[in-house]
file target27.csv (CSV, C-alpha atoms)
chain,number,residue,atom,x,y,z
A,1,MET,CA,-77.2,261.2,140.8
A,2,THR,CA,-77.1,261.8,137.1
A,3,SER,CA,-75.8,259.2,134.6
A,4,ALA,CA,-72.3,259.0,133.1
A,5,ASN,CA,-73.6,260.3,129.8
A,6,GLU,CA,-75.2,263.3,131.4
A,7,THR,CA,-72.2,264.4,133.4
A,8,GLY,CA,-69.9,264.3,130.5
A,9,VAL,CA,-67.1,262.5,132.3
A,10,ARG,CA,-65.3,260.3,129.8
A,11,VAL,CA,-62.7,257.5,130.2
A,12,GLU,CA,-60.6,256.9,127.0
A,13,LEU,CA,-58.4,253.8,126.8
A,14,LEU,CA,-55.0,254.7,125.4
A,15,SER,CA,-53.1,251.4,125.9
A,16,LYS,CA,-53.7,247.8,126.7
A,17,HIS,CA,-54.8,246.7,130.2
A,18,SER,CA,-51.8,245.6,132.3
A,19,SER,CA,-52.6,242.0,131.8
A,20,GLY,CA,-52.4,242.4,128.0
A,21,LYS,CA,-48.9,244.0,128.0
A,22,ASP,CA,-45.8,241.9,127.4
A,23,HIS,CA,-44.1,242.2,130.8
A,24,ILE,CA,-41.1,240.2,129.6
A,25,ALA,CA,-40.3,243.0,127.1
A,26,MET,CA,-40.8,245.8,129.6
A,27,THR,CA,-38.0,247.8,131.2
A,28,GLY,CA,-37.9,249.8,134.4
A,29,GLY,CA,-37.7,253.6,134.5
A,30,THR,CA,-40.6,254.3,132.3
A,31,LEU,CA,-43.9,256.2,132.5
A,32,GLY,CA,-46.7,255.7,129.9
A,33,ALA,CA,-50.3,256.7,129.7
A,34,ASP,CA,-53.0,254.0,129.8
A,35,LYS,CA,-56.1,256.1,130.1
A,36,ARG,CA,-57.3,259.7,129.6
A,37,ILE,CA,-60.2,261.0,131.7
A,38,THR,CA,-61.9,264.3,130.8
A,39,GLY,CA,-64.8,266.2,132.2
A,40,PRO,CA,-66.7,269.5,131.7
A,41,ALA,CA,-65.4,270.8,135.0
A,42,PRO,CA,-62.5,270.1,137.4
A,43,LEU,CA,-62.3,266.4,138.4
A,44,LEU,CA,-62.6,265.1,141.9
A,45,LEU,CA,-61.1,261.8,143.1
A,46,GLN,CA,-63.1,259.8,145.6
A,47,HIS,CA,-61.0,257.4,147.7
A,48,ASP,CA,-62.5,254.6,149.7
A,49,PHE,CA,-60.5,252.2,151.8
A,50,PHE,CA,-61.4,248.6,152.5
A,51,PRO,CA,-59.4,246.9,155.2
A,52,VAL,CA,-58.5,243.2,154.8
A,53,ALA,CA,-55.9,242.2,157.4
A,54,ALA,CA,-53.1,243.7,159.6
A,55,VAL,CA,-49.5,243.8,158.5
A,56,ASP,CA,-48.2,241.4,161.2
A,57,PRO,CA,-45.4,240.6,161.3
A,58,ALA,CA,-43.9,243.4,159.3
A,59,ALA,CA,-40.5,241.9,159.2
A,60,PRO,CA,-39.5,240.0,156.0
A,61,GLY,CA,-40.4,236.3,156.1
A,62,ALA,CA,-42.8,233.6,154.9
A,63,ALA,CA,-45.8,235.0,156.8
A,64,ARG,CA,-45.4,238.4,155.2
A,65,ASP,CA,-44.8,237.0,151.8
A,66,ARG,CA,-48.0,234.9,152.1
A,67,LEU,CA,-50.0,237.9,153.2
A,68,PHE,CA,-48.9,240.0,150.2
A,69,ALA,CA,-49.3,237.0,147.8
A,70,GLY,CA,-52.9,236.8,148.9
A,71,ILE,CA,-53.5,240.5,148.5
A,72,HIS,CA,-51.8,240.5,145.1
A,73,SER,CA,-54.0,237.6,144.0
A,74,ILE,CA,-57.2,239.3,145.1
A,75,GLU,CA,-56.1,242.5,143.3
A,76,HIS,CA,-55.7,240.7,140.0
A,77,ALA,CA,-59.1,238.9,140.5
A,78,LEU,CA,-60.9,242.2,141.3
A,79,ALA,CA,-59.6,243.7,138.0
A,80,SER,CA,-60.3,240.7,135.7
A,81,PRO,CA,-63.4,239.4,133.9
A,82,ASP,CA,-62.0,236.0,134.8
A,83,GLY,CA,-62.2,236.9,138.5
A,84,GLY,CA,-64.5,239.1,140.4
A,85,ASP,CA,-64.6,241.9,137.8
A,86,LEU,CA,-65.3,244.8,140.3
A,87,ARG,CA,-66.3,247.2,137.5
A,88,ALA,CA,-68.9,244.8,136.2
A,89,ARG,CA,-70.2,244.3,139.7
A,90,LEU,CA,-70.3,248.1,140.1
A,91,ALA,CA,-72.3,248.6,136.9
A,92,GLN,CA,-74.8,246.1,138.2
A,93,ALA,CA,-75.0,247.6,141.7
A,94,THR,CA,-75.6,251.2,140.4
A,95,GLY,CA,-77.6,250.3,137.3
A,96,TYR,CA,-75.6,252.9,135.3
A,97,GLY,CA,-73.7,250.4,133.2
A,98,PRO,CA,-70.1,250.0,132.2
A,99,GLU,CA,-69.4,253.6,131.1
A,100,PHE,CA,-70.1,254.8,134.6
A,101,ALA,CA,-68.2,251.9,136.2
A,102,ALA,CA,-65.2,252.7,134.1
A,103,ARG,CA,-64.8,255.8,136.2
A,104,LEU,CA,-63.5,253.5,138.9
A,105,ILE,CA,-59.9,254.0,137.7
A,106,ASP,CA,-58.0,252.2,140.4
A,107,MET,CA,-58.3,249.6,143.1
A,108,SER,CA,-54.9,249.0,144.6
A,109,PRO,CA,-53.4,247.5,147.7
A,110,TYR,CA,-52.9,250.2,150.3
A,111,ILE,CA,-51.6,250.7,153.9
A,112,PRO,CA,-53.0,253.8,155.6
A,113,GLY,CA,-50.7,255.4,158.1
A,114,LEU,CA,-47.5,254.0,156.6
A,115,LEU,CA,-45.8,257.4,156.1
A,116,SER,CA,-45.7,258.0,159.8
A,117,ALA,CA,-45.0,254.4,160.9
A,118,ALA,CA,-41.7,252.9,162.0
A,119,ASP,CA,-42.2,249.4,160.7
A,120,ALA,CA,-45.9,249.0,159.6
A,121,GLN,CA,-46.6,246.2,162.1
A,122,GLY,CA,-50.2,246.2,163.1
A,123,LEU,CA,-51.3,248.7,160.3
A,124,PRO,CA,-54.3,247.7,158.2
A,125,LEU,CA,-53.6,246.3,154.7
A,126,GLY,CA,-56.4,246.4,152.2
A,127,PHE,CA,-57.6,248.1,149.0
A,128,ARG,CA,-58.1,251.7,148.2
A,129,SER,CA,-60.4,252.6,145.3
A,130,THR,CA,-60.2,255.7,143.2
A,131,PHE,CA,-63.4,257.0,141.5
A,132,VAL,CA,-63.6,260.0,139.2
A,133,THR,CA,-66.5,262.4,139.9
A,134,LEU,CA,-67.2,266.1,139.6
A,135,GLY,CA,-68.7,266.8,142.9
A,136,GLY,CA,-71.7,269.1,143.1
A,137,SER,CA,-74.6,268.0,140.9
A,138,ASP,CA,-72.7,264.9,139.8
A,139,GLY,CA,-72.3,263.7,143.3
A,140,ALA,CA,-70.1,261.0,144.7
A,141,LEU,CA,-70.2,257.3,143.9
A,142,PRO,CA,-72.8,256.0,146.5
A,143,THR,CA,-70.8,254.2,149.2
A,144,GLY,CA,-73.5,251.6,149.6
A,145,ALA,CA,-73.3,250.7,145.9
A,146,LEU,CA,-69.5,250.4,146.0
A,147,LEU,CA,-69.7,248.2,149.1
A,148,GLU,CA,-72.3,246.0,147.4
A,149,ALA,CA,-70.1,245.6,144.3
A,150,TYR,CA,-67.0,244.9,146.4
A,151,ARG,CA,-68.7,242.2,148.4
A,152,ALA,CA,-70.2,240.6,145.3
A,153,ALA,CA,-66.8,240.6,143.6
A,154,LEU,CA,-65.2,239.0,146.6
A,155,GLU,CA,-67.8,236.3,146.8
A,156,LEU,CA,-67.4,235.5,143.1
A,157,ILE,CA,-63.6,235.3,143.5
A,158,ARG,CA,-64.1,233.0,146.4
A,159,GLU,CA,-66.3,230.8,144.2
A,160,LYS,CA,-63.8,230.7,141.4
A,161,PHE,CA,-60.8,230.0,143.6
A,162,LEU,CA,-62.6,227.2,145.5
A,163,ALA,CA,-63.4,225.6,142.1
A,164,GLY,CA,-59.7,225.5,141.4
A,165,GLU,CA,-59.5,228.3,138.9
A,166,PRO,CA,-56.1,230.0,138.7
A,167,VAL,CA,-55.3,233.6,139.7
A,168,PRO,CA,-56.0,235.7,136.6
A,169,PHE,CA,-53.0,237.0,134.6
A,170,SER,CA,-50.4,235.4,136.9
A,171,THR,CA,-47.9,234.4,134.2
A,172,PRO,CA,-44.5,236.0,133.5
A,173,GLU,CA,-45.9,237.5,130.4
A,174,ALA,CA,-48.7,239.2,132.2
A,175,CYS,CA,-47.4,240.0,135.7
A,176,GLY,CA,-44.3,241.8,137.1
A,177,GLN,CA,-44.0,239.3,140.0
A,178,TYR,CA,-45.8,236.2,138.8
A,179,ASN,CA,-44.5,234.1,141.7
A,180,LEU,CA,-46.1,236.3,144.3
A,181,HIS,CA,-49.6,234.7,144.0
A,182,SER,CA,-51.6,232.2,146.0
A,183,ALA,CA,-55.2,231.4,145.6
A,184,GLU,CA,-55.1,229.6,148.9
A,185,ALA,CA,-53.8,232.7,150.7
A,186,ALA,CA,-56.4,234.8,148.9
A,187,LEU,CA,-59.2,232.6,150.1
A,188,GLU,CA,-58.1,233.0,153.7
A,189,LEU,CA,-58.0,236.8,153.2
A,190,ILE,CA,-61.4,236.9,151.4
A,191,GLU,CA,-63.0,235.5,154.6
A,192,LEU,CA,-61.4,238.3,156.6
A,193,ALA,CA,-62.3,240.9,154.0
A,194,LEU,CA,-66.0,239.9,153.9
A,195,ALA,CA,-66.1,239.9,157.7
A,196,ALA,CA,-64.5,243.4,157.7
A,197,VAL,CA,-66.9,245.0,155.1
A,198,PRO,CA,-68.4,247.9,157.2
A,199,ALA,CA,-71.6,249.8,157.0
A,200,PRO,CA,-71.5,252.6,154.4
A,201,GLU,CA,-71.2,255.3,157.1
A,202,GLN,CA,-68.1,253.5,158.5
A,203,VAL,CA,-66.1,253.5,155.3
A,204,ALA,CA,-62.9,255.6,155.4
A,205,GLU,CA,-63.6,258.0,152.5
A,206,THR,CA,-61.7,261.0,151.3
A,207,PHE,CA,-61.8,263.3,148.4
A,208,ALA,CA,-58.9,264.9,146.4
A,209,GLU,CA,-59.3,267.8,144.0
A,210,ALA,CA,-57.5,267.1,140.7
A,211,GLY,CA,-57.5,270.8,139.9
A,212,ALA,CA,-58.0,270.0,136.3
A,213,ALA,CA,-60.6,268.7,133.9
A,214,GLU,CA,-58.1,266.3,132.3
A,215,LEU,CA,-56.3,263.4,134.0
A,216,TYR,CA,-54.2,260.5,132.8
A,217,VAL,CA,-53.9,257.1,134.4
A,218,CYS,CA,-50.3,256.0,133.8
A,219,ASP,CA,-48.1,252.9,134.2
A,220,LEU,CA,-45.2,254.0,136.2
A,221,ARG,CA,-42.8,251.1,135.9
A,222,LEU,CA,-40.1,251.7,138.4
A,223,VAL,CA,-38.2,248.4,137.9
A,224,LYS,CA,-38.2,245.7,135.3
A,225,PRO,CA,-40.8,242.9,135.7
A,226,ARG,CA,-39.4,239.6,136.8
A,227,LEU,CA,-38.3,237.4,133.9
A,228,PRO,CA,-39.3,233.7,133.8
A,229,GLU,CA,-37.5,231.7,136.5
A,230,ALA,CA,-35.5,234.7,137.6
A,231,PHE,CA,-36.4,234.4,141.2
A,232,ASP,CA,-33.3,236.3,142.4
A,233,GLN,CA,-34.1,239.3,140.2
A,234,GLN,CA,-34.5,242.4,142.3
A,235,VAL,CA,-38.0,244.0,142.6
A,236,LEU,CA,-39.3,246.4,145.1
A,237,ASP,CA,-39.5,245.6,148.8
A,238,LEU,CA,-43.1,244.6,149.7
A,239,LEU,CA,-43.4,247.5,152.2
A,240,GLY,CA,-40.7,249.8,150.8
A,241,GLY,CA,-42.6,250.0,147.5
A,242,HIS,CA,-45.8,251.0,149.4
A,243,LEU,CA,-43.8,253.7,151.2
A,244,LEU,CA,-42.4,255.1,147.9
A,245,SER,CA,-45.9,255.1,146.4
A,246,GLN,CA,-47.3,257.2,149.2
A,247,ARG,CA,-44.3,259.6,149.2
A,248,ILE,CA,-44.8,260.1,145.4
A,249,GLU,CA,-48.4,261.0,146.1
A,250,ASP,CA,-47.6,263.2,149.1
A,251,ASP,CA,-44.9,265.2,147.3
A,252,ALA,CA,-47.0,266.5,144.4
A,253,ALA,CA,-50.4,268.1,144.3
A,254,ASN,CA,-51.4,266.7,140.9
A,255,LEU,CA,-50.2,263.1,141.3
A,256,THR,CA,-52.1,260.2,142.9
A,257,ALA,CA,-50.5,256.8,143.2
A,258,GLY,CA,-51.9,253.3,143.4
A,259,ASN,CA,-49.4,250.5,144.4
A,260,PHE,CA,-48.7,247.6,142.1
A,261,GLY,CA,-49.2,244.4,144.1
A,262,CYS,CA,-46.4,242.9,142.0
A,263,SER,CA,-43.9,245.3,143.5
A,264,THR,CA,-42.6,246.8,140.2
A,265,GLY,CA,-44.2,250.2,140.2
A,266,GLU,CA,-47.4,252.2,140.5
A,267,TYR,CA,-50.5,253.3,138.7
A,268,LEU,CA,-49.9,257.1,138.6
A,269,MET,CA,-52.9,259.4,138.2
A,270,VAL,CA,-51.6,262.6,136.7
A,271,ALA,CA,-53.8,265.7,136.6
A,272,ASN,CA,-53.2,268.3,133.9
A,273,PRO,CA,-54.1,271.7,135.4
A,274,LEU,CA,-51.9,273.7,132.9
A,275,GLY,CA,-53.3,272.0,129.8
A,276,LEU,CA,-50.0,270.6,128.7
A,277,ASP,CA,-49.8,268.1,125.8
A,278,GLN,CA,-49.5,264.5,126.9
A,279,GLU,CA,-45.8,264.1,126.3
A,280,ALA,CA,-44.9,267.3,128.2
A,281,LEU,CA,-47.2,266.4,131.1
A,282,LEU,CA,-45.8,262.9,131.5
A,283,ALA,CA,-42.2,264.2,131.3
A,284,GLN,CA,-43.0,266.7,134.1
A,285,ALA,CA,-44.6,264.0,136.2
A,286,HIS,CA,-41.7,261.6,135.7
A,287,ARG,CA,-39.2,264.4,136.8
A,288,GLU,CA,-41.3,264.9,140.0
A,289,VAL,CA,-41.2,261.1,140.6
A,290,ALA,CA,-37.5,261.0,140.1
A,291,ALA,CA,-37.0,263.9,142.6
A,292,THR,CA,-39.0,262.0,145.2
A,293,LEU,CA,-36.9,258.9,144.5
A,294,ALA,CA,-33.7,260.9,144.9
A,295,GLU,CA,-34.8,262.3,148.3
A,296,SER,CA,-36.0,258.9,149.5
A,297,GLY,CA,-32.8,257.3,148.3
A,298,SER,CA,-30.7,259.6,150.4
A,299,TYR,CA,-31.9,258.2,153.7
A,300,THR,CA,-29.2,256.5,155.8
A,301,GLY,CA,-30.9,256.4,159.2
A,302,PRO,CA,-31.8,253.4,161.3
A,303,ASP,CA,-35.5,253.0,160.4
A,304,PRO,CA,-35.7,249.6,158.6
A,305,LEU,CA,-38.8,250.5,156.5
A,306,ARG,CA,-37.2,253.7,155.3
A,307,ARG,CA,-33.9,251.9,154.6
A,308,ALA,CA,-35.7,249.4,152.5
A,309,ALA,CA,-37.5,252.2,150.6
A,310,ALA,CA,-34.1,254.0,150.1
A,311,VAL,CA,-32.7,250.9,148.5
A,312,ASP,CA,-35.8,250.7,146.2
A,313,ALA,CA,-35.5,254.4,145.4
A,314,ARG,CA,-31.8,254.1,144.4
A,315,PHE,CA,-32.5,251.0,142.3
A,316,SER,CA,-35.4,252.8,140.6
A,317,LEU,CA,-33.2,255.8,139.8
A,318,GLU,CA,-30.7,253.4,138.1
A,319,GLN,CA,-33.6,252.2,135.9
A,320,ILE,CA,-34.5,255.8,135.0
A,321,GLU,CA,-30.9,256.7,134.3
A,322,LYS,CA,-30.7,253.8,131.9
A,323,TYR,CA,-34.0,254.1,130.1
A,324,SER,CA,-35.3,257.7,130.7
A,325,PRO,CA,-32.3,259.9,131.6
A,326,ALA,CA,-34.2,263.1,130.8
A,327,ALA,CA,-36.4,262.6,133.9
A,328,LEU,CA,-33.4,262.7,136.3
A,329,PRO,CA,-33.3,265.7,138.6
A,330,GLY,CA,-30.5,268.3,138.1
call {"tool": "encode", "arguments": {"input": "target27.csv", "output": "structure tokens"}}
result
Amino acid sequence: MTSANETGVRVELLSKHSSGKDHIAMTGGTLGADKRITGPAPLLLQHDFFPVAAVDPAAPGAARDRLFAGIHSIEHALASPDGGDLRARLAQATGYGPEFAARLIDMSPYIPGLLSAADAQGLPLGFRSTFVTLGGSDGALPTGALLEAYRAALELIREKFLAGEPVPFSTPEACGQYNLHSAEAALELIELALAAVPAPEQVAETFAEAGAAELYVCDLRLVKPRLPEAFDQQVLDLLGGHLLSQRIEDDAANLTAGNFGCSTGEYLMVANPLGLDQEALLAQAHREVAATLAESGSYTGPDPLRRAAAVDARFSLEQIEKYSPAALPG
């Protein structure tokens, strides 16, 4: 594999990391660009899935809340220099340094099979990584190196949480659902995650063509982050939000979504095959998202998962109507 400098893939930071944004001031119904990725040829997205635990029970309750609090806490720690810092571990594992590791543009909670499931019970819950490559001579991110980095990050998170360190950026100012965290639950899941780390050839790996040499990583804020002490404030359903995320990805060829563990939105990877300017591209993507929300919100059947997603979709459309009305369909 050639190095990041030789391939010409570049990751440009356009906005603050999520932890550095003022979540109290945020609204719902917005889409903004955080990063711009460019390459000398059409980009390819490499997805790898790492199972942690099963969604059991899938019905709302304390057990499900604890499961997602643990996943959310690990998600934050994987992303943070104060936690496991997965990108730093990846730079070490590959020897290519931070510029190469920056091409890991997402590591989000994920539930494969959710689109065809009735209630998600028994489905695996874990993390899906998204790495930008070119294919061909650039090659994919070596699965063995990614596994090594992931394991090292989990072991470091375990060490920090056992020492009593807090979950990184878990305050109202830095997280959309700051009360959905538990280092204790995360520690339980880390043991499961480490035990579930497979051999490289067993990793569920897929590739998606971006169809463009330019791609934006965006903050799709569907609903307003939770305000301090506002524990009754509506956010997305823990499973309904995942279903919407996967529907958004499934409905459009140039959009890839990564679920926010805080249940307020998605990381949205938006490819730019037509070479539109950033404003026009994001406006188009936001309209596509709104169209998916409108379709999902029209569901009135008996499926409890889809009913929860429909409530989320309608609520998200209300946020768009208030803050970004131009994105509404029709």
call {"tool": "atom_distance", "arguments": {"input": "target27.csv", "atom1": "atom CA of Val270 of chain A", "atom2": "atom CA of Ile111 of chain A"}}
result
20.9 Å
call {"tool": "residues_around", "arguments": {"input": "target27.csv", "residues": "Leu43 of chain A", "least_positions_apart": "3", "cutoff": "7 Å", "atoms": "only C-alpha atoms", "output": "PyMOL selection string"}}
result
chain A and resi 39+132-134+209-213
call {"tool": "closest_residue", "arguments": {"input": "target27.csv", "among": "A:Asp303, A:Glu205, A:Glu266, A:Glu318", "to": "Ala140 of chain A", "atoms": "all atoms listed in the file"}}
result
A:Glu205
call {"tool": "residues_around", "arguments": {"input": "target27.csv", "residues": "Gln319 of chain A", "least_positions_apart": "2", "cutoff": "9 Å", "atoms": "only C-alpha atoms", "output": "MDAnalysis selection string"}}
result
chainID A and resid 27:30 222:224 314:317 321:325
call {"tool": "atom_distance", "arguments": {"input": "target27.csv", "atom1": "atom CA of Leu104 of chain A", "atom2": "atom CA of Leu141 of chain A"}}
result
9.2 Å
call {"tool": "closest_residue", "arguments": {"input": "target27.csv", "among": "A:Asn272, A:Thr206, A:Ser73, A:Gln234", "to": "Leu180 of chain A", "atoms": "all atoms listed in the file"}}
result
A:Ser73
call {"tool": "closest_residue", "arguments": {"input": "target27.csv", "among": "A:Glu12, A:Asp22, A:Glu279, A:Glu288", "to": "Ala252 of chain A", "atoms": "only C-alpha atoms"}}
result
A:Glu288
call {"tool": "closest_residue", "arguments": {"input": "target27.csv", "among": "A:Ala204, A:Leu156, A:Ile71, A:Leu146", "to": "Asp48 of chain A", "atoms": "only C-alpha atoms"}}
result
A:Ala204
call {"tool": "atom_distance", "arguments": {"input": "target27.csv", "atom1": "atom CA of Ala310 of chain A", "atom2": "atom CA of Glu295 of chain A"}}
result
8.5 Å
call {"tool": "closest_residue", "arguments": {"input": "target27.csv", "among": "A:Thr256, A:Ser129, A:Thr94, A:Ser182", "to": "Gly144 of chain A", "atoms": "all atoms listed in the file"}}
result
A:Thr94
call {"tool": "closest_residue", "arguments": {"input": "target27.csv", "among": "A:Ala309, A:Val203, A:Leu220, A:Ala174", "to": "Tyr267 of chain A", "atoms": "all atoms listed in the file"}}
result
A:Leu220
call {"tool": "residues_around", "arguments": {"input": "target27.csv", "residues": "Tyr110 of chain A", "least_positions_apart": "2", "cutoff": "7 Å", "atoms": "only C-alpha atoms", "output": "PyMOL selection string"}}
result
chain A and resi 108+112+125-128+259
call {"tool": "residues_around", "arguments": {"input": "target27.csv", "residues": "segment 236-243 of chain A", "least_positions_apart": "3", "cutoff": "9 Å", "atoms": "all atoms listed in the file", "output": "PyMOL selection string"}}
result
chain A and resi 58+60+64-65+68+109-111+114-115+119-120+222-223+246-248+258-266+305-313+315-316
call {"tool": "axis_aligned_box", "arguments": {"input": "target27.csv", "around": "segment 95-101 of chain A", "padding_each_side": "5 Å", "output": "lines of an AutoDock Vina configuration file"}}
result
center_x = -72.9
center_y = 252.4
center_z = 134.2
size_x = 19.4
size_y = 14.8
size_z = 16.2
call {"tool": "residues_around", "arguments": {"input": "target27.csv", "residues": "Arg158 of chain A", "least_positions_apart": "5", "cutoff": "12 Å", "atoms": "all atoms listed in the file", "output": "ChimeraX atom specification"}}
result
/A:73-74,77-78,83-84,151-153,163-167,183-194
call {"tool": "residues_near_point", "arguments": {"input": "target27.csv", "point": "(-46.9, 250.2, 131.7)", "cutoff": "6 Å", "atoms": "only C-alpha atoms", "output": "PyMOL selection string"}}
result
chain A and resi 32+219+221
call {"tool": "write_last_selection", "arguments": {"input": "target27.csv", "atoms": "C-alpha atoms", "output": "PDB file, keeping the file's coordinate frame"}}
result
ATOM      1  CA  GLY A  32     -46.700 255.700 129.900  1.00  0.00           C
ATOM      2  CA  ASP A 219     -48.100 252.900 134.200  1.00  0.00           C
ATOM      3  CA  ARG A 221     -42.800 251.100 135.900  1.00  0.00           C
TER       4      ARG A 221
END
